[in-house]
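Below: structure_4.cif (mmCIF, N, CA, C and O atoms)
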data_input
loop_
_atom_site.label_atom_id
_atom_site.label_comp_id
_atom_site.auth_asym_id
_atom_site.auth_seq_id
_atom_site.Cartn_x
_atom_site.Cartn_y
_atom_site.Cartn_z
N MET A 125 15.63 10.97 8.93
CA MET A 125 14.80 10.79 7.76
C MET A 125 13.66 11.81 7.82
O MET A 125 13.06 12.02 8.86
N ASP A 126 13.34 12.40 6.71
CA ASP A 126 12.29 13.41 6.62
C ASP A 126 10.93 12.74 6.78
O ASP A 126 10.60 11.78 6.08
N GLU A 127 10.11 13.23 7.72
CA GLU A 127 8.81 12.62 7.99
C GLU A 127 7.86 12.65 6.80
O GLU A 127 6.95 11.84 6.72
N ARG A 128 8.06 13.58 5.89
CA ARG A 128 7.18 13.63 4.72
C ARG A 128 7.27 12.36 3.89
O ARG A 128 6.33 12.00 3.20
N TYR A 129 8.40 11.68 3.97
CA TYR A 129 8.57 10.44 3.20
C TYR A 129 7.97 9.23 3.91
O TYR A 129 7.87 8.17 3.32
N LEU A 130 7.62 9.39 5.16
CA LEU A 130 7.14 8.26 5.95
C LEU A 130 5.63 8.12 5.92
O LEU A 130 5.09 7.17 6.47
N ARG A 131 4.94 9.03 5.28
CA ARG A 131 3.49 8.99 5.23
C ARG A 131 3.00 8.44 3.90
O ARG A 131 3.65 8.58 2.88
N PHE A 132 1.80 7.86 3.96
CA PHE A 132 1.19 7.34 2.73
C PHE A 132 0.96 8.50 1.77
O PHE A 132 0.44 9.54 2.16
N PRO A 133 1.33 8.33 0.50
CA PRO A 133 1.14 9.42 -0.47
C PRO A 133 -0.35 9.63 -0.76
O PRO A 133 -0.98 8.85 -1.47
N ARG A 134 -0.90 10.68 -0.18
CA ARG A 134 -2.34 10.95 -0.28
C ARG A 134 -2.82 11.12 -1.71
O ARG A 134 -3.97 10.84 -2.02
N TRP A 135 -1.95 11.56 -2.59
CA TRP A 135 -2.36 11.78 -3.98
C TRP A 135 -2.86 10.49 -4.62
O TRP A 135 -3.70 10.53 -5.51
N LEU A 136 -2.37 9.34 -4.14
CA LEU A 136 -2.84 8.07 -4.70
C LEU A 136 -4.33 7.88 -4.48
O LEU A 136 -5.02 7.32 -5.32
N GLU A 137 -4.83 8.36 -3.34
CA GLU A 137 -6.25 8.21 -3.04
C GLU A 137 -7.13 9.02 -4.00
O GLU A 137 -8.28 8.68 -4.21
N PHE A 138 -6.59 10.09 -4.54
CA PHE A 138 -7.36 10.97 -5.43
C PHE A 138 -7.03 10.74 -6.91
O PHE A 138 -7.54 11.45 -7.77
N SER A 139 -6.21 9.75 -7.18
CA SER A 139 -5.73 9.51 -8.55
C SER A 139 -6.68 8.68 -9.40
O SER A 139 -6.48 8.55 -10.60
N GLY A 140 -7.68 8.09 -8.79
CA GLY A 140 -8.56 7.18 -9.51
C GLY A 140 -8.10 5.73 -9.38
O GLY A 140 -8.81 4.82 -9.81
N LEU A 141 -6.94 5.51 -8.81
CA LEU A 141 -6.41 4.15 -8.67
C LEU A 141 -7.28 3.27 -7.77
O LEU A 141 -7.52 2.12 -8.12
N PRO A 142 -7.79 3.78 -6.64
CA PRO A 142 -8.65 2.90 -5.82
C PRO A 142 -9.86 2.37 -6.59
O PRO A 142 -10.17 1.18 -6.52
N GLU A 143 -10.51 3.23 -7.34
CA GLU A 143 -11.67 2.82 -8.11
C GLU A 143 -11.28 1.83 -9.21
O GLU A 143 -11.98 0.85 -9.45
N GLN A 144 -10.15 2.09 -9.85
CA GLN A 144 -9.70 1.22 -10.94
C GLN A 144 -9.34 -0.17 -10.41
O GLN A 144 -9.71 -1.18 -11.01
N LEU A 145 -8.63 -0.22 -9.30
CA LEU A 145 -8.28 -1.51 -8.71
C LEU A 145 -9.53 -2.28 -8.30
O LEU A 145 -9.62 -3.50 -8.53
N SER A 146 -10.48 -1.60 -7.69
CA SER A 146 -11.72 -2.26 -7.27
C SER A 146 -12.50 -2.79 -8.47
O SER A 146 -13.06 -3.88 -8.43
N LYS A 147 -12.54 -2.01 -9.52
CA LYS A 147 -13.27 -2.42 -10.73
C LYS A 147 -12.61 -3.62 -11.40
O LYS A 147 -13.27 -4.57 -11.79
N ASP A 148 -11.28 -3.58 -11.52
CA ASP A 148 -10.56 -4.63 -12.24
C ASP A 148 -10.29 -5.88 -11.42
O ASP A 148 -10.29 -6.99 -11.96
N LEU A 149 -10.03 -5.70 -10.12
CA LEU A 149 -9.58 -6.84 -9.31
C LEU A 149 -10.47 -7.18 -8.12
O LEU A 149 -10.24 -8.18 -7.45
N GLY A 150 -11.43 -6.33 -7.82
CA GLY A 150 -12.32 -6.59 -6.69
C GLY A 150 -12.12 -5.59 -5.58
O GLY A 150 -11.12 -4.87 -5.53
N PRO A 151 -13.07 -5.54 -4.65
CA PRO A 151 -13.06 -4.51 -3.61
C PRO A 151 -11.89 -4.60 -2.63
O PRO A 151 -11.55 -3.60 -2.00
N SER A 152 -11.27 -5.74 -2.50
CA SER A 152 -10.14 -5.87 -1.57
C SER A 152 -8.82 -5.41 -2.16
O SER A 152 -7.83 -5.25 -1.44
N ALA A 153 -8.78 -5.19 -3.46
CA ALA A 153 -7.52 -4.87 -4.13
C ALA A 153 -6.88 -3.59 -3.60
O ALA A 153 -5.67 -3.53 -3.40
N TRP A 154 -7.69 -2.56 -3.36
CA TRP A 154 -7.14 -1.30 -2.85
C TRP A 154 -6.56 -1.49 -1.45
O TRP A 154 -5.50 -0.96 -1.13
N LEU A 155 -7.25 -2.26 -0.61
CA LEU A 155 -6.74 -2.51 0.74
C LEU A 155 -5.37 -3.18 0.71
O LEU A 155 -4.46 -2.80 1.44
N VAL A 156 -5.24 -4.16 -0.15
CA VAL A 156 -3.97 -4.89 -0.27
C VAL A 156 -2.89 -3.97 -0.83
O VAL A 156 -1.78 -3.91 -0.29
N PHE A 157 -3.20 -3.22 -1.88
CA PHE A 157 -2.22 -2.31 -2.47
C PHE A 157 -1.77 -1.27 -1.45
O PHE A 157 -0.58 -1.01 -1.30
N ARG A 158 -2.73 -0.68 -0.73
CA ARG A 158 -2.39 0.34 0.26
C ARG A 158 -1.47 -0.24 1.34
O ARG A 158 -0.52 0.39 1.76
N ARG A 159 -1.78 -1.45 1.78
CA ARG A 159 -0.95 -2.09 2.81
C ARG A 159 0.48 -2.33 2.30
O ARG A 159 1.45 -2.14 3.03
N LEU A 160 0.60 -2.74 1.04
CA LEU A 160 1.93 -2.95 0.46
C LEU A 160 2.72 -1.64 0.40
O LEU A 160 3.91 -1.60 0.70
N VAL A 161 2.05 -0.56 0.03
CA VAL A 161 2.71 0.75 0.01
C VAL A 161 3.13 1.15 1.42
O VAL A 161 4.25 1.62 1.64
N GLU A 162 2.27 0.94 2.40
CA GLU A 162 2.60 1.29 3.79
C GLU A 162 3.79 0.47 4.29
O GLU A 162 4.66 1.00 4.99
N GLU A 163 3.83 -0.81 3.95
CA GLU A 163 4.97 -1.64 4.35
C GLU A 163 6.26 -1.16 3.69
O GLU A 163 7.31 -1.11 4.32
N ASP A 164 6.17 -0.80 2.43
CA ASP A 164 7.34 -0.28 1.71
C ASP A 164 7.83 0.99 2.38
O ASP A 164 9.04 1.17 2.60
N LEU A 165 6.92 1.89 2.74
CA LEU A 165 7.31 3.14 3.38
C LEU A 165 7.95 2.90 4.74
O LEU A 165 8.83 3.66 5.15
N SER A 166 7.50 1.87 5.44
CA SER A 166 8.06 1.61 6.77
C SER A 166 9.48 1.04 6.70
O SER A 166 10.24 1.16 7.65
N GLU A 167 9.85 0.45 5.56
CA GLU A 167 11.17 -0.16 5.44
C GLU A 167 12.14 0.61 4.55
O GLU A 167 13.35 0.45 4.69
N ASN A 168 11.63 1.41 3.63
CA ASN A 168 12.49 2.03 2.63
C ASN A 168 12.19 3.52 2.47
O ASN A 168 11.04 3.93 2.51
N LEU A 169 13.25 4.30 2.25
CA LEU A 169 13.07 5.72 1.98
C LEU A 169 12.52 5.92 0.57
O LEU A 169 11.68 6.78 0.32
N PHE A 170 12.97 5.10 -0.37
CA PHE A 170 12.49 5.14 -1.75
C PHE A 170 11.90 3.77 -2.07
O PHE A 170 12.31 2.76 -1.49
N PRO A 171 10.93 3.68 -2.98
CA PRO A 171 10.31 2.39 -3.28
C PRO A 171 11.35 1.31 -3.58
O PRO A 171 12.31 1.54 -4.31
N ASP A 172 11.16 0.17 -2.97
CA ASP A 172 12.11 -0.94 -3.11
C ASP A 172 11.38 -2.23 -2.74
O ASP A 172 10.19 -2.23 -2.47
N TRP A 173 12.10 -3.32 -2.67
CA TRP A 173 11.54 -4.61 -2.29
C TRP A 173 11.21 -4.60 -0.80
O TRP A 173 11.89 -3.96 -0.01
N VAL A 174 10.17 -5.35 -0.44
CA VAL A 174 9.75 -5.46 0.95
C VAL A 174 9.67 -6.93 1.31
O VAL A 174 9.14 -7.74 0.55
N ASP A 175 10.21 -7.28 2.47
CA ASP A 175 10.13 -8.65 2.96
C ASP A 175 8.81 -8.80 3.71
O ASP A 175 8.65 -8.30 4.81
N LEU A 176 7.85 -9.46 3.08
CA LEU A 176 6.51 -9.57 3.65
C LEU A 176 5.99 -10.98 3.46
O LEU A 176 6.14 -11.56 2.38
N ASN A 177 5.39 -11.52 4.49
CA ASN A 177 4.79 -12.85 4.41
C ASN A 177 3.42 -12.73 3.75
O ASN A 177 2.50 -12.15 4.33
N PRO A 178 3.24 -13.29 2.56
CA PRO A 178 1.94 -13.15 1.87
C PRO A 178 0.78 -13.76 2.64
O PRO A 178 -0.34 -13.30 2.54
N LYS A 179 1.04 -14.79 3.43
CA LYS A 179 -0.03 -15.42 4.19
C LYS A 179 -0.57 -14.49 5.27
O LYS A 179 -1.73 -14.55 5.62
N GLY A 180 0.27 -13.61 5.79
CA GLY A 180 -0.17 -12.67 6.81
C GLY A 180 -0.82 -11.43 6.24
O GLY A 180 -1.44 -10.65 6.96
N LEU A 181 -0.68 -11.21 4.94
CA LEU A 181 -1.20 -10.01 4.31
C LEU A 181 -2.72 -9.91 4.45
O LEU A 181 -3.25 -8.83 4.74
N ALA A 182 -3.42 -10.99 4.28
CA ALA A 182 -4.88 -10.97 4.41
C ALA A 182 -5.29 -10.55 5.82
O ALA A 182 -6.20 -9.74 5.99
N ALA A 183 -4.62 -11.08 6.82
CA ALA A 183 -4.94 -10.72 8.20
C ALA A 183 -4.65 -9.23 8.46
O ALA A 183 -5.44 -8.57 9.14
N PHE A 184 -3.55 -8.72 7.92
CA PHE A 184 -3.23 -7.31 8.10
C PHE A 184 -4.30 -6.42 7.47
O PHE A 184 -4.60 -5.34 7.95
N CYS A 185 -4.88 -6.87 6.37
CA CYS A 185 -5.87 -6.08 5.64
C CYS A 185 -7.31 -6.33 6.11
O CYS A 185 -8.22 -5.65 5.68
N GLY A 186 -7.49 -7.34 6.95
CA GLY A 186 -8.82 -7.65 7.45
C GLY A 186 -9.72 -8.29 6.41
O GLY A 186 -10.92 -8.09 6.39
N ILE A 187 -9.10 -9.08 5.52
CA ILE A 187 -9.88 -9.77 4.48
C ILE A 187 -9.64 -11.26 4.58
O ILE A 187 -8.70 -11.71 5.23
N GLU A 188 -10.47 -12.02 3.90
CA GLU A 188 -10.30 -13.47 3.90
C GLU A 188 -9.15 -13.86 2.99
O GLU A 188 -8.92 -13.25 1.96
N GLU A 189 -8.42 -14.89 3.42
CA GLU A 189 -7.28 -15.36 2.62
C GLU A 189 -7.78 -16.24 1.49
O GLU A 189 -8.44 -17.24 1.69
N ASP A 190 -7.50 -15.82 0.26
CA ASP A 190 -7.90 -16.58 -0.93
C ASP A 190 -6.70 -16.90 -1.78
O ASP A 190 -5.88 -16.14 -2.06
#
Give the structure from the file, written as C-alpha coordinates.
Amino acid sequence: MDERYLRFPRWLEFSGLPEQLSKDLGPSAWLVFRRLVEEDLSENLFPDWVDLNPKGLAAFCGIEED
(Lines of atoms letter the chains of each structure in order from A and count residues from 1; the text may use other names and numbers.)
(Lines give C-alpha, C1' and ligand atoms only; values in the text may rest on other atoms or scores of the structure.)
Protein backbone atom coordinates (compact mmCIF):
# COMPACT_ATOMS: atom_id res chain seq x y z
CA MET A 1 0.00 0.00 0.00
CA ASP A 2 1.30 3.46 -0.88
CA GLU A 3 2.27 5.37 2.29
CA ARG A 4 0.82 8.60 0.91
CA TYR A 5 -2.62 7.12 1.47
CA LEU A 6 -1.90 6.24 5.08
CA ARG A 7 -1.39 9.80 6.30
CA PHE A 8 -3.98 12.30 7.44
CA PRO A 9 -4.89 14.56 4.50
CA ARG A 10 -3.21 17.81 5.55
CA TRP A 11 -5.33 19.87 3.17
CA LEU A 12 -8.28 19.35 5.52
CA GLU A 13 -6.49 21.39 8.18
CA PHE A 14 -6.20 24.35 5.80
CA SER A 15 -9.68 24.02 4.28
CA GLY A 16 -11.53 25.99 6.94
CA LEU A 17 -13.27 22.83 8.14
CA PRO A 18 -11.73 22.88 11.64
CA GLU A 19 -13.00 26.39 12.26
CA GLN A 20 -16.42 25.60 10.79
CA LEU A 21 -16.85 22.47 12.90
CA SER A 22 -15.81 24.33 16.05
CA LYS A 23 -18.20 27.18 15.30
CA ASP A 24 -21.18 24.96 14.47
CA LEU A 25 -20.68 22.03 16.84
CA GLY A 26 -18.22 23.09 19.53
CA PRO A 27 -14.48 22.92 20.12
CA SER A 28 -14.33 19.12 20.38
CA ALA A 29 -15.91 18.55 16.96
CA TRP A 30 -12.63 18.82 15.04
CA LEU A 31 -10.89 16.38 17.40
CA VAL A 32 -13.64 13.81 16.90
CA PHE A 33 -13.75 14.30 13.12
CA ARG A 34 -9.97 14.04 12.83
CA ARG A 35 -9.96 10.83 14.89
CA LEU A 36 -12.66 9.33 12.66
CA VAL A 37 -10.61 10.14 9.56
CA GLU A 38 -7.50 8.62 11.15
CA GLU A 39 -9.41 5.44 12.02
CA ASP A 40 -10.75 5.22 8.48
CA LEU A 41 -7.23 5.60 7.08
CA SER A 42 -5.92 2.87 9.34
CA GLU A 43 -8.53 0.38 8.10
CA ASN A 44 -9.28 1.38 4.51
CA LEU A 45 -7.35 2.46 1.43
CA PHE A 46 -10.36 4.50 0.28
CA PRO A 47 -13.01 6.08 2.56
CA ASP A 48 -15.38 3.42 3.82
CA TRP A 49 -17.18 2.26 6.97
CA VAL A 50 -15.14 1.89 10.15
CA ASP A 51 -15.89 -0.44 13.04
CA LEU A 52 -15.48 1.86 16.03
CA ASN A 53 -16.89 1.79 19.54
CA PRO A 54 -18.52 5.22 20.07
CA LYS A 55 -18.08 4.96 23.84
CA GLY A 56 -14.31 4.75 23.42
CA LEU A 57 -14.17 7.67 21.00
CA ALA A 58 -14.21 10.29 23.75
CA ALA A 59 -11.29 8.61 25.51
CA PHE A 60 -9.31 8.42 22.25
CA CYS A 61 -9.88 12.15 21.71
CA GLY A 62 -9.20 13.16 25.31
CA ILE A 63 -12.62 14.72 25.81
CA GLU A 64 -15.47 14.10 28.20
CA GLU A 65 -18.12 11.62 27.10
CA ASP A 66 -21.42 13.40 26.49
May I have the residues at most 6 Å from (-1.8, -4.3, 3.3) in the file's coordinates, counting all atoms listed in the file, as a PDB file with N, CA, C and O atoms, keeping the file's coordinate frame?
ATOM      1  N   LEU A 155      -7.250  -2.260  -0.610  1.00  0.00           N
ATOM      2  CA  LEU A 155      -6.740  -2.510   0.740  1.00  0.00           C
ATOM      3  C   LEU A 155      -5.370  -3.180   0.710  1.00  0.00           C
ATOM      4  O   LEU A 155      -4.460  -2.800   1.440  1.00  0.00           O
ATOM      5  N   VAL A 156      -5.240  -4.160  -0.150  1.00  0.00           N
ATOM      6  CA  VAL A 156      -3.970  -4.890  -0.270  1.00  0.00           C
ATOM      7  C   VAL A 156      -2.890  -3.970  -0.830  1.00  0.00           C
ATOM      8  O   VAL A 156      -1.780  -3.910  -0.290  1.00  0.00           O
ATOM      9  N   PHE A 157      -3.200  -3.220  -1.880  1.00  0.00           N
ATOM     10  CA  PHE A 157      -2.220  -2.310  -2.470  1.00  0.00           C
ATOM     11  C   PHE A 157      -1.770  -1.270  -1.450  1.00  0.00           C
ATOM     12  O   PHE A 157      -0.580  -1.010  -1.300  1.00  0.00           O
ATOM     13  N   ARG A 158      -2.730  -0.680  -0.730  1.00  0.00           N
ATOM     14  CA  ARG A 158      -2.390   0.340   0.260  1.00  0.00           C
ATOM     15  C   ARG A 158      -1.470  -0.240   1.340  1.00  0.00           C
ATOM     16  O   ARG A 158      -0.520   0.390   1.760  1.00  0.00           O
ATOM     17  N   ARG A 159      -1.780  -1.450   1.780  1.00  0.00           N
ATOM     18  CA  ARG A 159      -0.950  -2.090   2.810  1.00  0.00           C
ATOM     19  C   ARG A 159       0.480  -2.330   2.300  1.00  0.00           C
ATOM     20  O   ARG A 159       1.450  -2.140   3.030  1.00  0.00           O
ATOM     21  N   LEU A 160       0.600  -2.740   1.040  1.00  0.00           N
ATOM     22  CA  LEU A 160       1.930  -2.950   0.460  1.00  0.00           C
ATOM     23  C   LEU A 160       2.720  -1.640   0.400  1.00  0.00           C
ATOM     24  O   LEU A 160       3.910  -1.600   0.700  1.00  0.00           O
ATOM     25  N   LEU A 181      -0.680 -11.210   4.940  1.00  0.00           N
ATOM     26  CA  LEU A 181      -1.200 -10.010   4.310  1.00  0.00           C
ATOM     27  C   LEU A 181      -2.720  -9.910   4.450  1.00  0.00           C
ATOM     28  O   LEU A 181      -3.250  -8.830   4.740  1.00  0.00           O
ATOM     29  N   PHE A 184      -3.550  -8.720   7.920  1.00  0.00           N
ATOM     30  CA  PHE A 184      -3.230  -7.310   8.100  1.00  0.00           C
ATOM     31  C   PHE A 184      -4.300  -6.420   7.470  1.00  0.00           C
ATOM     32  O   PHE A 184      -4.600  -5.340   7.950  1.00  0.00           O
ATOM     33  N   CYS A 185      -4.880  -6.870   6.370  1.00  0.00           N
ATOM     34  CA  CYS A 185      -5.870  -6.080   5.640  1.00  0.00           C
ATOM     35  C   CYS A 185      -7.310  -6.330   6.110  1.00  0.00           C
ATOM     36  O   CYS A 185      -8.220  -5.650   5.680  1.00  0.00           O
TER      37      CYS A 185
END
Calculate how many Å separate CA of Arg131 (chain A) from CA of Gln144 (chain A), rounding to one decimal.
-> 22.3 Å
Using CA of Trp135 (chain A) and atom O of Trp154 (chain A) as the two end points, give the distance in Å to one decimal.
->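 Straight-line distance from CA of Trp135 (chain A) to atom O of Trp154 (chain A) works out to 13.4 Å.
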Distance of atom N of Glu162 (chain A) from CA of Ala182 (chain A), expressed in Å to one decimal place | 14.0 Å
Give the centre and edge lengths of an axis-aligned box, in Å to one decimal, that holds all listed atoms of region 163-169 of chain A with 6 Å on each side, as JSON.
{"center_x": 8.6, "center_y": 2.6, "center_z": 4.0, "size_x": 21.5, "size_y": 20.4, "size_z": 19.3}
May I have all residues of chain A that DSSP, computed from the backbone, assigns to helix (DSSP H, G or I), given as number ranges by chain?
-> A: 127-130, 134-138, 141-149, 153-167, 178-185
If you apply the PyMOL selection byres (((chain A and resi 164 and name CA) around 12) and name CA) to this file, what residues do you get, as a ChimeraX atom specification?
-> /A:129-133,157-163,165-176
Some atoms are absent from region 129-140 of chain A, so rebuild all heavy atoms and return them as a CSV table (one decimal), in the frame of the given file.
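After the write, selection-v3.csv holds the following:
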chain,number,residue,atom,x,y,z
A,129,TYR,N,8.4,11.7,4.0
A,129,TYR,CA,8.6,10.4,3.2
A,129,TYR,C,8.0,9.2,3.9
A,129,TYR,O,7.9,8.2,3.3
A,129,TYR,CB,10.0,10.2,2.9
A,129,TYR,CG,10.7,11.2,2.0
A,129,TYR,CD1,11.6,12.1,2.5
A,129,TYR,CD2,10.3,11.3,0.7
A,129,TYR,CE1,12.2,13.1,1.7
A,129,TYR,CE2,10.9,12.2,-0.1
A,129,TYR,CZ,11.8,13.1,0.4
A,129,TYR,OH,12.4,14.0,-0.4
A,130,LEU,N,7.6,9.4,5.2
A,130,LEU,CA,7.1,8.3,6.0
A,130,LEU,C,5.6,8.1,5.9
A,130,LEU,O,5.1,7.2,6.5
A,130,LEU,CB,7.6,8.4,7.4
A,130,LEU,CG,9.1,8.4,7.6
A,130,LEU,CD1,9.4,8.7,9.1
A,130,LEU,CD2,9.8,7.2,7.1
A,131,ARG,N,4.9,9.0,5.3
A,131,ARG,CA,3.5,9.0,5.2
A,131,ARG,C,3.0,8.4,3.9
A,131,ARG,O,3.6,8.6,2.9
A,131,ARG,CB,2.9,10.4,5.4
A,131,ARG,CG,3.2,11.0,6.8
A,131,ARG,CD,2.5,12.3,7.0
A,131,ARG,NE,3.2,13.0,8.0
A,131,ARG,CZ,3.5,14.3,7.9
A,131,ARG,NH1,3.3,14.9,6.8
A,131,ARG,NH2,4.1,14.8,8.9
A,132,PHE,N,1.8,7.9,4.0
A,132,PHE,CA,1.2,7.3,2.7
A,132,PHE,C,1.0,8.5,1.8
A,132,PHE,O,0.4,9.5,2.2
A,132,PHE,CB,-0.1,6.7,3.1
A,132,PHE,CG,-0.8,6.0,1.9
A,132,PHE,CD1,-0.4,4.7,1.5
A,132,PHE,CD2,-1.7,6.6,1.1
A,132,PHE,CE1,-0.9,4.1,0.4
A,132,PHE,CE2,-2.3,6.0,0.0
A,132,PHE,CZ,-1.9,4.7,-0.3
A,133,PRO,N,1.3,8.3,0.5
A,133,PRO,CA,1.1,9.4,-0.5
A,133,PRO,C,-0.4,9.6,-0.8
A,133,PRO,O,-1.0,8.8,-1.5
A,133,PRO,CB,1.9,8.9,-1.7
A,133,PRO,CG,2.1,7.5,-1.5
A,133,PRO,CD,2.0,7.2,-0.1
A,134,ARG,N,-0.9,10.7,-0.2
A,134,ARG,CA,-2.3,11.0,-0.3
A,134,ARG,C,-2.8,11.1,-1.7
A,134,ARG,O,-4.0,10.8,-2.0
A,134,ARG,CB,-2.7,12.2,0.5
A,134,ARG,CG,-2.5,12.1,2.0
A,134,ARG,CD,-3.6,11.3,2.7
A,134,ARG,NE,-4.9,11.6,2.2
A,134,ARG,CZ,-5.8,12.3,2.9
A,134,ARG,NH1,-5.5,12.7,4.1
A,134,ARG,NH2,-7.0,12.5,2.4
A,135,TRP,N,-2.0,11.6,-2.6
A,135,TRP,CA,-2.4,11.8,-4.0
A,135,TRP,C,-2.9,10.5,-4.6
A,135,TRP,O,-3.7,10.5,-5.5
A,135,TRP,CB,-1.2,12.4,-4.8
A,135,TRP,CG,-0.1,11.5,-5.0
A,135,TRP,CD1,1.1,11.5,-4.2
A,135,TRP,CD2,0.1,10.5,-6.0
A,135,TRP,NE1,1.9,10.6,-4.7
A,135,TRP,CE2,1.4,9.9,-5.8
A,135,TRP,CE3,-0.6,10.1,-7.1
A,135,TRP,CZ2,1.9,8.9,-6.6
A,135,TRP,CZ3,-0.1,9.1,-7.9
A,135,TRP,CH2,1.1,8.5,-7.7
A,136,LEU,N,-2.4,9.3,-4.1
A,136,LEU,CA,-2.8,8.1,-4.7
A,136,LEU,C,-4.3,7.9,-4.5
A,136,LEU,O,-5.0,7.3,-5.3
A,136,LEU,CB,-2.1,6.9,-4.1
A,136,LEU,CG,-0.7,6.6,-4.6
A,136,LEU,CD1,0.0,5.5,-3.8
A,136,LEU,CD2,-0.8,6.2,-6.1
A,137,GLU,N,-4.8,8.4,-3.3
A,137,GLU,CA,-6.2,8.2,-3.0
A,137,GLU,C,-7.1,9.0,-4.0
A,137,GLU,O,-8.3,8.7,-4.2
A,137,GLU,CB,-6.5,8.6,-1.6
A,137,GLU,CG,-5.8,7.7,-0.6
A,137,GLU,CD,-6.0,8.2,0.8
A,137,GLU,OE1,-6.2,9.4,1.0
A,137,GLU,OE2,-5.8,7.3,1.7
A,138,PHE,N,-6.6,10.1,-4.5
A,138,PHE,CA,-7.4,11.0,-5.4
A,138,PHE,C,-7.0,10.7,-6.9
A,138,PHE,O,-7.5,11.4,-7.8
A,138,PHE,CB,-7.1,12.4,-5.1
A,138,PHE,CG,-7.5,12.8,-3.7
A,138,PHE,CD1,-6.5,12.9,-2.7
A,138,PHE,CD2,-8.8,12.9,-3.3
A,138,PHE,CE1,-6.9,13.1,-1.4
A,138,PHE,CE2,-9.2,13.2,-2.0
A,138,PHE,CZ,-8.2,13.3,-1.0
A,139,SER,N,-6.2,9.8,-7.2
A,139,SER,CA,-5.7,9.5,-8.6
A,139,SER,C,-6.7,8.7,-9.4
A,139,SER,O,-6.5,8.6,-10.6
A,139,SER,CB,-4.4,8.8,-8.5
A,139,SER,OG,-4.5,7.5,-8.0
A,140,GLY,N,-7.7,8.1,-8.8
A,140,GLY,CA,-8.6,7.2,-9.5
A,140,GLY,C,-8.1,5.7,-9.4
A,140,GLY,O,-8.8,4.8,-9.8
